[in-house]
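Engineer: Structure file model19.cif, mmCIF, N, CA and C atoms, is pasted below:
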```cif
data_structure
#
loop_
_atom_site.label_atom_id
_atom_site.label_comp_id
_atom_site.auth_asym_id
_atom_site.auth_seq_id
_atom_site.Cartn_x
_atom_site.Cartn_y
_atom_site.Cartn_z
N MET A 220 -6.43 -4.46 15.44
CA MET A 220 -5.54 -3.35 15.68
C MET A 220 -5.77 -2.79 17.07
N GLY A 221 -6.83 -3.04 17.71
CA GLY A 221 -6.98 -2.65 19.10
C GLY A 221 -7.15 -1.15 19.34
N ASP A 222 -6.09 -0.39 19.11
CA ASP A 222 -6.17 1.04 19.37
C ASP A 222 -6.70 1.79 18.15
N ILE A 223 -7.35 2.92 18.41
CA ILE A 223 -7.87 3.73 17.32
C ILE A 223 -6.82 4.78 16.98
N ARG A 224 -6.46 4.82 15.71
CA ARG A 224 -5.45 5.79 15.26
C ARG A 224 -6.09 6.86 14.40
N LYS A 225 -5.48 8.02 14.40
CA LYS A 225 -5.87 9.06 13.47
C LYS A 225 -5.27 8.70 12.12
N MET A 226 -5.90 9.14 11.04
CA MET A 226 -5.44 8.74 9.70
C MET A 226 -4.01 9.15 9.45
N GLN A 227 -3.55 10.28 9.98
CA GLN A 227 -2.17 10.67 9.71
C GLN A 227 -1.19 9.65 10.28
N ASP A 228 -1.63 8.80 11.20
CA ASP A 228 -0.77 7.74 11.71
C ASP A 228 -0.60 6.62 10.70
N PHE A 229 -1.45 6.56 9.69
CA PHE A 229 -1.38 5.50 8.69
C PHE A 229 -0.45 5.83 7.54
N VAL A 230 -0.20 7.10 7.28
CA VAL A 230 0.64 7.52 6.16
C VAL A 230 1.85 8.27 6.70
N LYS A 231 3.03 7.74 6.45
CA LYS A 231 4.28 8.33 6.94
C LYS A 231 5.27 8.47 5.79
N MET A 232 6.13 9.46 5.88
CA MET A 232 7.21 9.63 4.91
C MET A 232 8.52 9.19 5.55
N ARG A 233 9.32 8.47 4.80
CA ARG A 233 10.69 8.12 5.20
C ARG A 233 11.56 8.45 3.99
N GLY A 234 12.17 9.62 4.03
CA GLY A 234 12.92 10.09 2.86
C GLY A 234 11.94 10.32 1.72
N SER A 235 12.18 9.69 0.57
CA SER A 235 11.27 9.82 -0.57
C SER A 235 10.28 8.66 -0.65
N ASP A 236 10.26 7.80 0.39
CA ASP A 236 9.32 6.68 0.44
C ASP A 236 8.10 7.07 1.27
N MET A 237 6.93 6.82 0.73
CA MET A 237 5.69 6.98 1.47
C MET A 237 5.28 5.60 1.95
N ILE A 238 5.16 5.44 3.25
CA ILE A 238 4.75 4.16 3.81
C ILE A 238 3.31 4.29 4.29
N ILE A 239 2.46 3.42 3.79
CA ILE A 239 1.06 3.42 4.17
C ILE A 239 0.82 2.19 5.03
N PHE A 240 0.57 2.42 6.31
CA PHE A 240 0.28 1.33 7.24
C PHE A 240 -1.21 1.03 7.12
N VAL A 241 -1.52 0.00 6.36
CA VAL A 241 -2.90 -0.34 6.06
C VAL A 241 -3.60 -0.82 7.34
N PRO A 242 -4.80 -0.29 7.62
CA PRO A 242 -5.50 -0.67 8.85
C PRO A 242 -5.97 -2.13 8.82
N GLU A 243 -6.45 -2.58 9.96
CA GLU A 243 -6.92 -3.96 10.10
C GLU A 243 -7.99 -4.30 9.06
N GLU A 244 -8.92 -3.38 8.85
CA GLU A 244 -9.97 -3.57 7.85
C GLU A 244 -9.91 -2.41 6.85
N LEU A 245 -9.65 -2.75 5.59
CA LEU A 245 -9.58 -1.73 4.55
C LEU A 245 -10.84 -1.82 3.70
N ASP A 246 -11.80 -0.97 4.03
CA ASP A 246 -13.06 -0.90 3.30
C ASP A 246 -13.16 0.47 2.62
N HIS A 247 -14.34 0.78 2.11
CA HIS A 247 -14.52 2.05 1.38
C HIS A 247 -14.13 3.26 2.23
N HIS A 248 -14.57 3.28 3.46
CA HIS A 248 -14.29 4.41 4.34
C HIS A 248 -12.78 4.59 4.56
N GLY A 249 -12.10 3.52 4.93
CA GLY A 249 -10.65 3.59 5.16
C GLY A 249 -9.87 3.88 3.90
N ALA A 250 -10.28 3.27 2.79
CA ALA A 250 -9.59 3.48 1.52
C ALA A 250 -9.67 4.95 1.09
N GLU A 251 -10.82 5.56 1.30
CA GLU A 251 -10.99 6.97 0.92
C GLU A 251 -10.11 7.88 1.78
N LYS A 252 -10.04 7.62 3.08
CA LYS A 252 -9.17 8.42 3.95
C LYS A 252 -7.71 8.28 3.56
N ILE A 253 -7.27 7.06 3.30
CA ILE A 253 -5.88 6.85 2.89
C ILE A 253 -5.61 7.54 1.57
N ARG A 254 -6.53 7.41 0.61
CA ARG A 254 -6.36 8.04 -0.70
C ARG A 254 -6.17 9.55 -0.56
N ARG A 255 -7.03 10.18 0.24
CA ARG A 255 -6.92 11.65 0.42
C ARG A 255 -5.59 12.04 1.04
N GLU A 256 -5.21 11.36 2.11
CA GLU A 256 -3.96 11.68 2.81
C GLU A 256 -2.74 11.43 1.91
N ALA A 257 -2.74 10.28 1.23
CA ALA A 257 -1.60 9.94 0.36
C ALA A 257 -1.49 10.93 -0.80
N ASP A 258 -2.61 11.24 -1.43
CA ASP A 258 -2.57 12.17 -2.56
C ASP A 258 -2.14 13.56 -2.13
N GLN A 259 -2.55 13.97 -0.95
CA GLN A 259 -2.12 15.28 -0.45
C GLN A 259 -0.60 15.30 -0.25
N LEU A 260 -0.06 14.25 0.34
CA LEU A 260 1.39 14.19 0.53
C LEU A 260 2.13 14.11 -0.80
N MET A 261 1.58 13.34 -1.74
CA MET A 261 2.23 13.23 -3.06
C MET A 261 2.26 14.57 -3.77
N GLY A 262 1.26 15.40 -3.51
CA GLY A 262 1.21 16.72 -4.12
C GLY A 262 2.20 17.69 -3.52
N SER A 263 2.62 17.44 -2.28
CA SER A 263 3.50 18.39 -1.61
C SER A 263 4.93 17.88 -1.41
N ARG A 264 5.17 16.60 -1.61
CA ARG A 264 6.49 16.00 -1.41
C ARG A 264 6.90 15.21 -2.63
N ARG A 265 8.18 15.05 -2.81
CA ARG A 265 8.71 14.22 -3.90
C ARG A 265 8.70 12.77 -3.43
N VAL A 266 7.74 12.00 -3.91
CA VAL A 266 7.60 10.60 -3.52
C VAL A 266 8.09 9.73 -4.67
N LYS A 267 9.05 8.85 -4.39
CA LYS A 267 9.58 7.93 -5.41
C LYS A 267 9.01 6.53 -5.28
N GLN A 268 8.52 6.20 -4.07
CA GLN A 268 8.00 4.86 -3.86
C GLN A 268 6.89 4.91 -2.81
N VAL A 269 5.83 4.16 -3.08
CA VAL A 269 4.76 3.97 -2.10
C VAL A 269 4.86 2.53 -1.64
N ILE A 270 4.95 2.36 -0.31
CA ILE A 270 5.04 1.03 0.28
C ILE A 270 3.80 0.80 1.12
N PHE A 271 2.99 -0.18 0.74
CA PHE A 271 1.83 -0.56 1.53
C PHE A 271 2.27 -1.63 2.53
N ASP A 272 2.15 -1.32 3.82
CA ASP A 272 2.52 -2.26 4.87
C ASP A 272 1.23 -2.90 5.40
N PHE A 273 1.06 -4.20 5.10
CA PHE A 273 -0.16 -4.92 5.44
C PHE A 273 -0.04 -5.72 6.74
N ARG A 274 0.91 -5.43 7.59
CA ARG A 274 1.15 -6.26 8.78
C ARG A 274 -0.08 -6.40 9.68
N GLU A 275 -0.98 -5.43 9.72
CA GLU A 275 -2.14 -5.50 10.60
C GLU A 275 -3.44 -5.81 9.86
N THR A 276 -3.39 -5.96 8.55
CA THR A 276 -4.59 -6.08 7.74
C THR A 276 -5.10 -7.52 7.69
N VAL A 277 -6.39 -7.68 7.96
CA VAL A 277 -7.03 -8.99 7.86
C VAL A 277 -8.18 -8.99 6.86
N PHE A 278 -8.65 -7.80 6.46
CA PHE A 278 -9.75 -7.70 5.52
C PHE A 278 -9.50 -6.54 4.55
N MET A 279 -9.81 -6.79 3.28
CA MET A 279 -9.73 -5.74 2.27
C MET A 279 -10.79 -6.04 1.22
N ASP A 280 -11.57 -5.02 0.87
CA ASP A 280 -12.58 -5.22 -0.17
C ASP A 280 -12.16 -4.52 -1.46
N SER A 281 -13.07 -4.42 -2.40
CA SER A 281 -12.75 -3.86 -3.72
C SER A 281 -12.33 -2.39 -3.63
N ALA A 282 -12.81 -1.67 -2.62
CA ALA A 282 -12.40 -0.27 -2.46
C ALA A 282 -10.90 -0.20 -2.16
N GLY A 283 -10.40 -1.14 -1.37
CA GLY A 283 -8.97 -1.20 -1.09
C GLY A 283 -8.16 -1.50 -2.34
N ILE A 284 -8.65 -2.42 -3.14
CA ILE A 284 -7.99 -2.74 -4.41
C ILE A 284 -7.95 -1.51 -5.31
N GLY A 285 -9.07 -0.81 -5.38
CA GLY A 285 -9.13 0.41 -6.19
C GLY A 285 -8.18 1.49 -5.70
N MET A 286 -8.06 1.62 -4.39
CA MET A 286 -7.15 2.62 -3.82
C MET A 286 -5.70 2.28 -4.18
N ILE A 287 -5.34 1.01 -4.09
CA ILE A 287 -3.98 0.59 -4.46
C ILE A 287 -3.74 0.86 -5.93
N MET A 288 -4.69 0.50 -6.78
CA MET A 288 -4.55 0.73 -8.22
C MET A 288 -4.40 2.22 -8.54
N GLY A 289 -5.16 3.05 -7.86
CA GLY A 289 -5.06 4.49 -8.07
C GLY A 289 -3.69 5.04 -7.70
N ARG A 290 -3.14 4.57 -6.58
CA ARG A 290 -1.80 5.02 -6.17
C ARG A 290 -0.76 4.48 -7.15
N TYR A 291 -0.96 3.26 -7.65
CA TYR A 291 -0.05 2.71 -8.65
C TYR A 291 -0.05 3.58 -9.91
N LYS A 292 -1.23 3.92 -10.41
CA LYS A 292 -1.31 4.73 -11.63
C LYS A 292 -0.67 6.10 -11.42
N LEU A 293 -0.90 6.70 -10.28
CA LEU A 293 -0.30 8.00 -9.98
C LEU A 293 1.23 7.88 -9.92
N MET A 294 1.73 6.86 -9.22
CA MET A 294 3.19 6.68 -9.13
C MET A 294 3.79 6.35 -10.49
N GLN A 295 3.09 5.59 -11.31
CA GLN A 295 3.57 5.28 -12.65
C GLN A 295 3.73 6.56 -13.46
N SER A 296 2.78 7.48 -13.34
CA SER A 296 2.88 8.74 -14.08
C SER A 296 4.02 9.62 -13.56
N LEU A 297 4.41 9.41 -12.29
CA LEU A 297 5.50 10.17 -11.69
C LEU A 297 6.85 9.46 -11.83
N GLY A 298 6.85 8.27 -12.42
CA GLY A 298 8.09 7.52 -12.58
C GLY A 298 8.51 6.77 -11.33
N GLY A 299 7.59 6.59 -10.39
CA GLY A 299 7.90 5.88 -9.15
C GLY A 299 7.39 4.46 -9.17
N LYS A 300 7.43 3.83 -8.01
CA LYS A 300 6.97 2.45 -7.92
C LYS A 300 6.14 2.23 -6.67
N VAL A 301 5.42 1.10 -6.66
CA VAL A 301 4.56 0.72 -5.55
C VAL A 301 4.91 -0.71 -5.16
N THR A 302 5.05 -0.92 -3.85
CA THR A 302 5.32 -2.26 -3.34
C THR A 302 4.40 -2.54 -2.16
N ALA A 303 4.30 -3.83 -1.80
CA ALA A 303 3.52 -4.26 -0.65
C ALA A 303 4.42 -5.14 0.22
N ILE A 304 4.35 -4.94 1.53
CA ILE A 304 5.17 -5.73 2.44
C ILE A 304 4.30 -6.29 3.57
N HIS A 305 4.83 -7.31 4.25
CA HIS A 305 4.16 -7.95 5.38
C HIS A 305 2.74 -8.38 5.02
N VAL A 306 2.62 -9.04 3.88
CA VAL A 306 1.31 -9.46 3.37
C VAL A 306 0.98 -10.85 3.91
N ASN A 307 -0.11 -10.95 4.68
CA ASN A 307 -0.50 -12.26 5.21
C ASN A 307 -1.19 -13.09 4.12
N GLN A 308 -1.49 -14.33 4.44
CA GLN A 308 -2.07 -15.27 3.48
C GLN A 308 -3.38 -14.76 2.88
N ARG A 309 -4.26 -14.22 3.71
CA ARG A 309 -5.57 -13.77 3.25
C ARG A 309 -5.44 -12.58 2.28
N VAL A 310 -4.66 -11.59 2.66
CA VAL A 310 -4.48 -10.41 1.80
C VAL A 310 -3.71 -10.80 0.54
N ARG A 311 -2.73 -11.67 0.66
CA ARG A 311 -1.98 -12.14 -0.51
C ARG A 311 -2.92 -12.76 -1.53
N ARG A 312 -3.87 -13.55 -1.06
CA ARG A 312 -4.83 -14.18 -1.96
C ARG A 312 -5.65 -13.12 -2.70
N ILE A 313 -6.08 -12.08 -1.99
CA ILE A 313 -6.84 -11.00 -2.62
C ILE A 313 -5.98 -10.31 -3.68
N LEU A 314 -4.71 -10.04 -3.37
CA LEU A 314 -3.82 -9.39 -4.32
C LEU A 314 -3.57 -10.28 -5.54
N LEU A 315 -3.47 -11.58 -5.32
CA LEU A 315 -3.26 -12.51 -6.43
C LEU A 315 -4.50 -12.61 -7.30
N LEU A 316 -5.68 -12.78 -6.68
CA LEU A 316 -6.92 -12.91 -7.44
C LEU A 316 -7.28 -11.64 -8.20
N SER A 317 -6.95 -10.49 -7.63
CA SER A 317 -7.27 -9.21 -8.29
C SER A 317 -6.29 -8.87 -9.41
N GLY A 318 -5.16 -9.55 -9.45
CA GLY A 318 -4.15 -9.26 -10.47
C GLY A 318 -3.16 -8.18 -10.06
N ILE A 319 -3.32 -7.61 -8.88
CA ILE A 319 -2.42 -6.55 -8.44
C ILE A 319 -0.97 -7.04 -8.37
N TYR A 320 -0.79 -8.33 -8.06
CA TYR A 320 0.57 -8.86 -7.94
C TYR A 320 1.35 -8.71 -9.24
N LYS A 321 0.68 -8.54 -10.37
CA LYS A 321 1.36 -8.38 -11.66
C LYS A 321 2.05 -7.03 -11.80
N ILE A 322 1.58 -6.05 -11.03
CA ILE A 322 2.14 -4.70 -11.18
C ILE A 322 2.78 -4.17 -9.90
N VAL A 323 2.47 -4.79 -8.76
CA VAL A 323 3.00 -4.35 -7.47
C VAL A 323 3.84 -5.48 -6.90
N GLY A 324 5.11 -5.21 -6.62
CA GLY A 324 5.95 -6.23 -6.01
C GLY A 324 5.50 -6.52 -4.59
N ILE A 325 5.39 -7.81 -4.24
CA ILE A 325 4.99 -8.22 -2.91
C ILE A 325 6.21 -8.80 -2.21
N TYR A 326 6.56 -8.22 -1.07
CA TYR A 326 7.77 -8.59 -0.35
C TYR A 326 7.45 -9.06 1.07
N GLU A 327 8.30 -9.91 1.61
CA GLU A 327 8.19 -10.30 3.01
C GLU A 327 8.45 -9.10 3.91
N ASP A 328 9.52 -8.37 3.59
CA ASP A 328 9.96 -7.24 4.38
C ASP A 328 10.20 -6.09 3.40
N THR A 329 11.02 -5.13 3.75
CA THR A 329 11.26 -4.01 2.86
C THR A 329 11.94 -4.47 1.57
N PRO A 330 11.62 -3.85 0.44
CA PRO A 330 12.19 -4.25 -0.84
C PRO A 330 13.72 -4.23 -0.85
N GLN A 331 14.34 -3.39 -0.02
CA GLN A 331 15.79 -3.29 -0.01
C GLN A 331 16.43 -4.52 0.63
N THR A 332 15.68 -5.26 1.47
CA THR A 332 16.28 -6.38 2.19
C THR A 332 15.88 -7.74 1.65
N THR A 333 14.80 -7.82 0.86
CA THR A 333 14.37 -9.11 0.34
C THR A 333 13.96 -8.99 -1.11
N GLY A 334 14.01 -10.09 -1.82
CA GLY A 334 13.54 -10.13 -3.20
C GLY A 334 12.03 -10.26 -3.24
N ALA A 335 11.44 -9.92 -4.38
CA ALA A 335 9.99 -10.01 -4.53
C ALA A 335 9.55 -11.46 -4.42
N MET A 336 8.48 -11.66 -3.66
CA MET A 336 7.91 -13.00 -3.53
C MET A 336 7.00 -13.30 -4.70
N TYR A 337 6.28 -12.29 -5.16
CA TYR A 337 5.34 -12.47 -6.24
C TYR A 337 5.41 -11.27 -7.15
N GLY A 338 5.23 -11.52 -8.43
CA GLY A 338 4.94 -10.52 -9.42
C GLY A 338 5.77 -9.26 -9.43
N GLY A 339 5.10 -8.22 -9.83
CA GLY A 339 5.75 -6.94 -10.01
C GLY A 339 6.35 -6.87 -11.41
N ASN A 340 6.49 -5.69 -11.91
CA ASN A 340 7.17 -5.49 -13.19
C ASN A 340 8.11 -4.31 -12.98
N ARG A 341 8.52 -3.68 -14.05
CA ARG A 341 9.50 -2.59 -13.90
C ARG A 341 8.96 -1.44 -13.05
N HIS A 342 7.64 -1.37 -12.90
CA HIS A 342 7.06 -0.31 -12.07
C HIS A 342 6.85 -0.78 -10.64
N GLY A 343 6.71 -2.09 -10.42
CA GLY A 343 6.36 -2.60 -9.12
C GLY A 343 7.50 -3.21 -8.35
N VAL A 344 8.63 -3.41 -8.98
CA VAL A 344 9.75 -4.01 -8.25
C VAL A 344 10.95 -3.12 -8.30
#
```
Kindly return the structure encoded in the file as structure tokens.

Structural biologist:
Amino acid sequence: MGDIRKMQDFVKMRGSDMIIFVPEELDHHGAEKIRREADQLMGSRRVKQVIFDFRETVFMDSAGIGMIMGRYKLMQSLGGKVTAIHVNQRVRRILLLSGIYKIVGIYEDTPQTTGAMYGGNRHGV
């Protein structure tokens, strides 16, 4: 990722969509910052969809998986959905092995422009 961003640069709202620009390395430290920022926004805004944008991500550990699962559970309770876009081969493998692909739709680009590449159910697609 080269440049250092403040965490608020990773979480953006576009209408009722929350877009989380996942950093190059998603470990415990990064996952906790994203979780706090995302949950704060979810508490103050009407969020219908969380979109994880993995275009810059090359590493993700179990803390990242847990953070995604937590946002999925929260969105499920709110009647929303969670999707992942711009997923490279390495991150896709992690999502497939962890089982996240079963509940979160994985797309090449935004869900509005392409069909799901993998998985998802009524909550994830």

Engineer: Work out how far apart atom N of Arg255 (chain A) and atom N of Met286 (chain A) are and give it in Å to one decimal.

Structural biologist: 9.8 Å

Engineer: Applied to this file, what does the PyMOL selection byres ((chain A and resi 284) around 8) return in terms of residues, put as a short mmCIF file (atom, residue, chain, number, x, y, z; two decimals) with N, CA and C atoms, in the frame of the given file?

Structural biologist:
```
data_model
loop_
_atom_site.label_atom_id
_atom_site.label_comp_id
_atom_site.auth_asym_id
_atom_site.auth_seq_id
_atom_site.Cartn_x
_atom_site.Cartn_y
_atom_site.Cartn_z
N LEU A 245 -9.65 -2.75 5.59
CA LEU A 245 -9.58 -1.73 4.55
C LEU A 245 -10.84 -1.82 3.70
N ASP A 246 -11.80 -0.97 4.03
CA ASP A 246 -13.06 -0.90 3.30
C ASP A 246 -13.16 0.47 2.62
N ALA A 250 -10.28 3.27 2.79
CA ALA A 250 -9.59 3.48 1.52
C ALA A 250 -9.67 4.95 1.09
N MET A 279 -9.81 -6.79 3.28
CA MET A 279 -9.73 -5.74 2.27
C MET A 279 -10.79 -6.04 1.22
N ASP A 280 -11.57 -5.02 0.87
CA ASP A 280 -12.58 -5.22 -0.17
C ASP A 280 -12.16 -4.52 -1.46
N SER A 281 -13.07 -4.42 -2.40
CA SER A 281 -12.75 -3.86 -3.72
C SER A 281 -12.33 -2.39 -3.63
N ALA A 282 -12.81 -1.67 -2.62
CA ALA A 282 -12.40 -0.27 -2.46
C ALA A 282 -10.90 -0.20 -2.16
N GLY A 283 -10.40 -1.14 -1.37
CA GLY A 283 -8.97 -1.20 -1.09
C GLY A 283 -8.16 -1.50 -2.34
N GLY A 285 -9.07 -0.81 -5.38
CA GLY A 285 -9.13 0.41 -6.19
C GLY A 285 -8.18 1.49 -5.70
N MET A 286 -8.06 1.62 -4.39
CA MET A 286 -7.15 2.62 -3.82
C MET A 286 -5.70 2.28 -4.18
N ILE A 287 -5.34 1.01 -4.09
CA ILE A 287 -3.98 0.59 -4.46
C ILE A 287 -3.74 0.86 -5.93
N MET A 288 -4.69 0.50 -6.78
CA MET A 288 -4.55 0.73 -8.22
C MET A 288 -4.40 2.22 -8.54
N GLY A 289 -5.16 3.05 -7.86
CA GLY A 289 -5.06 4.49 -8.07
C GLY A 289 -3.69 5.04 -7.70
N ARG A 290 -3.14 4.57 -6.58
CA ARG A 290 -1.80 5.02 -6.17
C ARG A 290 -0.76 4.48 -7.15
N ILE A 313 -6.08 -12.08 -1.99
CA ILE A 313 -6.84 -11.00 -2.62
C ILE A 313 -5.98 -10.31 -3.68
N LEU A 314 -4.71 -10.04 -3.37
CA LEU A 314 -3.82 -9.39 -4.32
C LEU A 314 -3.57 -10.28 -5.54
N SER A 317 -6.95 -10.49 -7.63
CA SER A 317 -7.27 -9.21 -8.29
C SER A 317 -6.29 -8.87 -9.41
N ILE A 319 -3.32 -7.61 -8.88
CA ILE A 319 -2.42 -6.55 -8.44
C ILE A 319 -0.97 -7.04 -8.37
#
```

Engineer: Name the closest residue to Thr276 (chain A) among the candidates A:Gly324, A:Gly299, A:Pro242, A:Gly318; distances are taken between atoms, counting all atoms listed in the file.

Structural biologist: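 Of A:Gly324, A:Gly299, A:Pro242, A:Gly318, the one nearest Thr276 (chain A) is A:Pro242, counting all atoms listed in the file.
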
Engineer: Taking the DSSP secondary structure from the backbone, can you list the residues of region 255-325 of chain A that are alpha helix (DSSP H), as a VMD selection string?

Structural biologist: chain A and resid 255 to 263 281 to 297 308 to 317

Engineer: Just the number, please: distance in Å from atom C of Arg233 (chain A) to CA of Arg309 (chain A), one decimal.

Structural biologist: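 According to the coordinates, atom C of Arg233 (chain A) and CA of Arg309 (chain A) are separated by 28.1 Å.
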
Engineer: For this structure, which residues satisfy the selection - the PyMOL selection byres (((chain A and resi 239 and name CA) around 9) and name CA) - when it is evaluated on the file as given? I want them as a compact mmCIF listing (two decimals) with N, CA and C atoms, in the frame of the given file.

Structural biologist:
```txt
# COMPACT_ATOMS: atom_id res chain seq x y z
N ASP A 228 -1.63 8.80 11.20
CA ASP A 228 -0.77 7.74 11.71
C ASP A 228 -0.60 6.62 10.70
N PHE A 229 -1.45 6.56 9.69
CA PHE A 229 -1.38 5.50 8.69
C PHE A 229 -0.45 5.83 7.54
N VAL A 230 -0.20 7.10 7.28
CA VAL A 230 0.64 7.52 6.16
C VAL A 230 1.85 8.27 6.70
N LYS A 231 3.03 7.74 6.45
CA LYS A 231 4.28 8.33 6.94
C LYS A 231 5.27 8.47 5.79
N MET A 232 6.13 9.46 5.88
CA MET A 232 7.21 9.63 4.91
C MET A 232 8.52 9.19 5.55
N MET A 237 6.93 6.82 0.73
CA MET A 237 5.69 6.98 1.47
C MET A 237 5.28 5.60 1.95
N ILE A 238 5.16 5.44 3.25
CA ILE A 238 4.75 4.16 3.81
C ILE A 238 3.31 4.29 4.29
N PHE A 240 0.57 2.42 6.31
CA PHE A 240 0.28 1.33 7.24
C PHE A 240 -1.21 1.03 7.12
N VAL A 241 -1.52 0.00 6.36
CA VAL A 241 -2.90 -0.34 6.06
C VAL A 241 -3.60 -0.82 7.34
N ILE A 253 -7.27 7.06 3.30
CA ILE A 253 -5.88 6.85 2.89
C ILE A 253 -5.61 7.54 1.57
N ALA A 257 -2.74 10.28 1.23
CA ALA A 257 -1.60 9.94 0.36
C ALA A 257 -1.49 10.93 -0.80
N VAL A 269 5.83 4.16 -3.08
CA VAL A 269 4.76 3.97 -2.10
C VAL A 269 4.86 2.53 -1.64
N ILE A 270 4.95 2.36 -0.31
CA ILE A 270 5.04 1.03 0.28
C ILE A 270 3.80 0.80 1.12
N PHE A 271 2.99 -0.18 0.74
CA PHE A 271 1.83 -0.56 1.53
C PHE A 271 2.27 -1.63 2.53
N ASP A 272 2.15 -1.32 3.82
CA ASP A 272 2.52 -2.26 4.87
C ASP A 272 1.23 -2.90 5.40
N PHE A 273 1.06 -4.20 5.10
CA PHE A 273 -0.16 -4.92 5.44
C PHE A 273 -0.04 -5.72 6.74
```

Engineer: If you measure from CA of Arg311 (chain A) to CA of Glu243 (chain A), what distance in Å do you get, rounded to one decimal?

Structural biologist: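 Going from CA of Arg311 (chain A) over to CA of Glu243 (chain A) covers 14.3 Å.
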
Engineer: Using only C-alpha atoms, pick whichever of A:His305, A:Lys267, A:Arg312, A:His248 has the shortest atom-to-atom distance to Tyr326 (chain A).

Structural biologist: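 Of the candidates, the smallest distance to Tyr326 (chain A) is held by A:His305.
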
Engineer: Write out as a PyMOL selection string the set of residues from chain A that DSSP, computed on the backbone, places in strand (DSSP E or B).

Structural biologist: chain A and resi 230-233+236-240+244-245+268-272+278-279+300-304+324-326+337

Engineer: Once you add 6 Å to each side, what are the centre and edge lengths of the axis-aligned box holding all listed atoms of region 244-252 of chain A? One decimal in Å, as lines of an AutoDock Vina configuration file, if you can.

Structural biologist:
```
center_x = -11.1
center_y = 2.4
center_z = 4.9
size_x = 18.9
size_y = 24.0
size_z = 19.9
```

Engineer: Give me region 229-241 of chain A with N, CA, C and O atoms filled in, as a JSON list (two decimals), in the coordinates of the input.

Structural biologist:
```
[["chain", "number", "residue", "atom", "x", "y", "z"],
["A", 229, "PHE", "N", -1.45, 6.56, 9.69],
["A", 229, "PHE", "CA", -1.38, 5.50, 8.69],
["A", 229, "PHE", "C", -0.45, 5.83, 7.54],
["A", 229, "PHE", "O", 0.03, 4.93, 6.85],
["A", 230, "VAL", "N", -0.20, 7.10, 7.28],
["A", 230, "VAL", "CA", 0.64, 7.52, 6.16],
["A", 230, "VAL", "C", 1.85, 8.27, 6.70],
["A", 230, "VAL", "O", 1.70, 9.31, 7.34],
["A", 231, "LYS", "N", 3.03, 7.74, 6.45],
["A", 231, "LYS", "CA", 4.28, 8.33, 6.94],
["A", 231, "LYS", "C", 5.27, 8.47, 5.79],
["A", 231, "LYS", "O", 5.27, 7.67, 4.87],
["A", 232, "MET", "N", 6.13, 9.46, 5.88],
["A", 232, "MET", "CA", 7.21, 9.63, 4.91],
["A", 232, "MET", "C", 8.52, 9.19, 5.55],
["A", 232, "MET", "O", 8.79, 9.49, 6.71],
["A", 233, "ARG", "N", 9.32, 8.47, 4.80],
["A", 233, "ARG", "CA", 10.69, 8.12, 5.20],
["A", 233, "ARG", "C", 11.56, 8.45, 3.99],
["A", 233, "ARG", "O", 11.62, 7.67, 3.05],
["A", 234, "GLY", "N", 12.17, 9.62, 4.03],
["A", 234, "GLY", "CA", 12.92, 10.09, 2.86],
["A", 234, "GLY", "C", 11.94, 10.32, 1.72],
["A", 234, "GLY", "O", 10.95, 11.04, 1.87],
["A", 235, "SER", "N", 12.18, 9.69, 0.57],
["A", 235, "SER", "CA", 11.27, 9.82, -0.57],
["A", 235, "SER", "C", 10.28, 8.66, -0.65],
["A", 235, "SER", "O", 9.54, 8.53, -1.62],
["A", 236, "ASP", "N", 10.26, 7.80, 0.39],
["A", 236, "ASP", "CA", 9.32, 6.68, 0.44],
["A", 236, "ASP", "C", 8.10, 7.07, 1.27],
["A", 236, "ASP", "O", 8.24, 7.59, 2.38],
["A", 237, "MET", "N", 6.93, 6.82, 0.73],
["A", 237, "MET", "CA", 5.69, 6.98, 1.47],
["A", 237, "MET", "C", 5.28, 5.60, 1.95],
["A", 237, "MET", "O", 5.10, 4.69, 1.14],
["A", 238, "ILE", "N", 5.16, 5.44, 3.25],
["A", 238, "ILE", "CA", 4.75, 4.16, 3.81],
["A", 238, "ILE", "C", 3.31, 4.29, 4.29],
["A", 238, "ILE", "O", 2.99, 5.18, 5.08],
["A", 239, "ILE", "N", 2.46, 3.42, 3.79],
["A", 239, "ILE", "CA", 1.06, 3.42, 4.17],
["A", 239, "ILE", "C", 0.82, 2.19, 5.03],
["A", 239, "ILE", "O", 0.92, 1.06, 4.54],
["A", 240, "PHE", "N", 0.57, 2.42, 6.31],
["A", 240, "PHE", "CA", 0.28, 1.33, 7.24],
["A", 240, "PHE", "C", -1.21, 1.03, 7.12],
["A", 240, "PHE", "O", -2.04, 1.73, 7.69],
["A", 241, "VAL", "N", -1.52, 0.00, 6.36],
["A", 241, "VAL", "CA", -2.90, -0.34, 6.06],
["A", 241, "VAL", "C", -3.60, -0.82, 7.34],
["A", 241, "VAL", "O", -3.05, -1.66, 8.06]]
```
